[in-house]
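Undergrad: One structure coming up, written as structure tokens, with questions to follow.
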Amino acid sequence: MITIQEMNGHAKKVGLVYEMMLSPLSKELGIPYTALSMLMFFANNPELATARDVCELRGLKRAIVSTHVERLVQEGYIERRAVPGDRRKDALVCTEKAQKIVEAGRERQIRFAKAVLEGISEEDRAVMERCFLRMNANIDRIIKEK
């Protein structure tokens, strides 16, 4: 049976390999990896378009997110848009200028997914997805109870 430490170790390795595969693009573009990662987050998750969403889901500190958001806005890769019904929030939306970067990032994300999932059958992938969804639901429940 897999231990919590082993699961945590595997998750960290997945994150390291993902960063390894996207870092060359960030260097090529001259933008920090974290800024590229955030840009991809906004592009891939338009329903999670606030700085708070990035902080919560990526585990980044507000000051770091704020710095990179400001840079991405100044360089024209994202723009702030008012969130209807909440004047205190801004939705962060990728601009037309960001589209080539997003396309290149998605190509690397696809290569990453193919490489990591190589040799795992569709049936096993479906089982993994169910397990991860159940674990996530359990984690959310535990957080709410605390």
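Residues are named by chain letter and number: chains run A, B, ... in the order of the structure tokens, numbers start at 1 in each chain, and ligands are numbered from 1 in the order shown.
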From the DSSP assignment of the backbone, select every residue of segment 2-138 of chain A that is alpha helix (DSSP H), and format the answer as a VMD selection string.

TA: chain A and resid 4 to 29 33 to 44 51 to 58 62 to 74 99 to 117 122 to 138

Undergrad: Just want the 7 Å neighbourhood of Ala82 of chain A, counted on only C-alpha atoms, with same-chain residues fewer than 6 positions away dropped. Output as a list in words.

TA: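 Near Ala82 of chain A, the qualifying residues are Lys89, Asp90 and Ala91 of chain A.
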
Undergrad: Compare A:Met7, A:Met38, A:Leu92, A:Ile78 by their minimum atom-to-atom distance to Gly59 of chain A, counting only C-alpha atoms, and give me the closest one.

TA: A:Met38

Undergrad: For Ala51 of chain A, which of A:Met21, A:Val93, A:Ile2, A:Val14 is the closest residue, counting only C-alpha atoms?

TA: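 Looking at the shortest contact to Ala51 of chain A, the residue is A:Val93.
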
Undergrad: Find the distance between atom CA of Ala49 of chain A and atom CA of Leu25 of chain A and write it in Å to one decimal.

TA: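 Answer for the atom CA of Ala49 of chain A to atom CA of Leu25 of chain A separation: 22.4 Å.
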
Undergrad: Have a look at A:Ile110, A:Leu57, A:Leu72, A:Met135 and name the one nearest to Leu39 of chain A; count only C-alpha atoms.

TA: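 Answer, going by the shortest atom-to-atom distance: A:Leu72.
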
Undergrad: So which bits of segment 51-102 of chain A end up strand (DSSP E or B) when you DSSP the backbone, as a PyMOL selection string?

TA: chain A and resi 78-83+86-94

Undergrad: Using only C-alpha atoms, pick whichever of A:Arg108, A:Lys114, A:Arg80, A:Arg62 has the shortest atom-to-atom distance to Glu19 of chain A.

TA: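 Answer, going by the shortest atom-to-atom distance: A:Arg108.
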
Undergrad: Write out as a PyMOL selection string the residues lying within 8 Å of Glu79 of chain A, counting only C-alpha atoms and excluding same-chain residues fewer than 2 positions away.

TA: chain A and resi 73+76-77+81+92-95

Undergrad: Just give me the gap between atom CA of Val102 of chain A and atom CA of Ala43 of chain A in Å, one decimal is fine.

TA: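 Atom CA of Ala43 of chain A lies 6.9 Å from atom CA of Val102 of chain A.
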
Undergrad: Can you work out the spacing between atom CA of Ser23 of chain A and atom CA of Glu107 of chain A in Å, to one decimal?

TA: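 Interatomic distance here is 13.2 Å.
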
Undergrad: Here is a test: counting only C-alpha atoms, which residue of A:Val127, A:Ile139, A:Leu36, A:Val116 is nearest to Ala11 of chain A?

TA: A:Val116

Undergrad: Which one of A:Cys131, A:Glu75, A:Leu117, A:Glu103 sits closest to Gly30 of chain A if you count only C-alpha atoms?

TA: A:Glu75
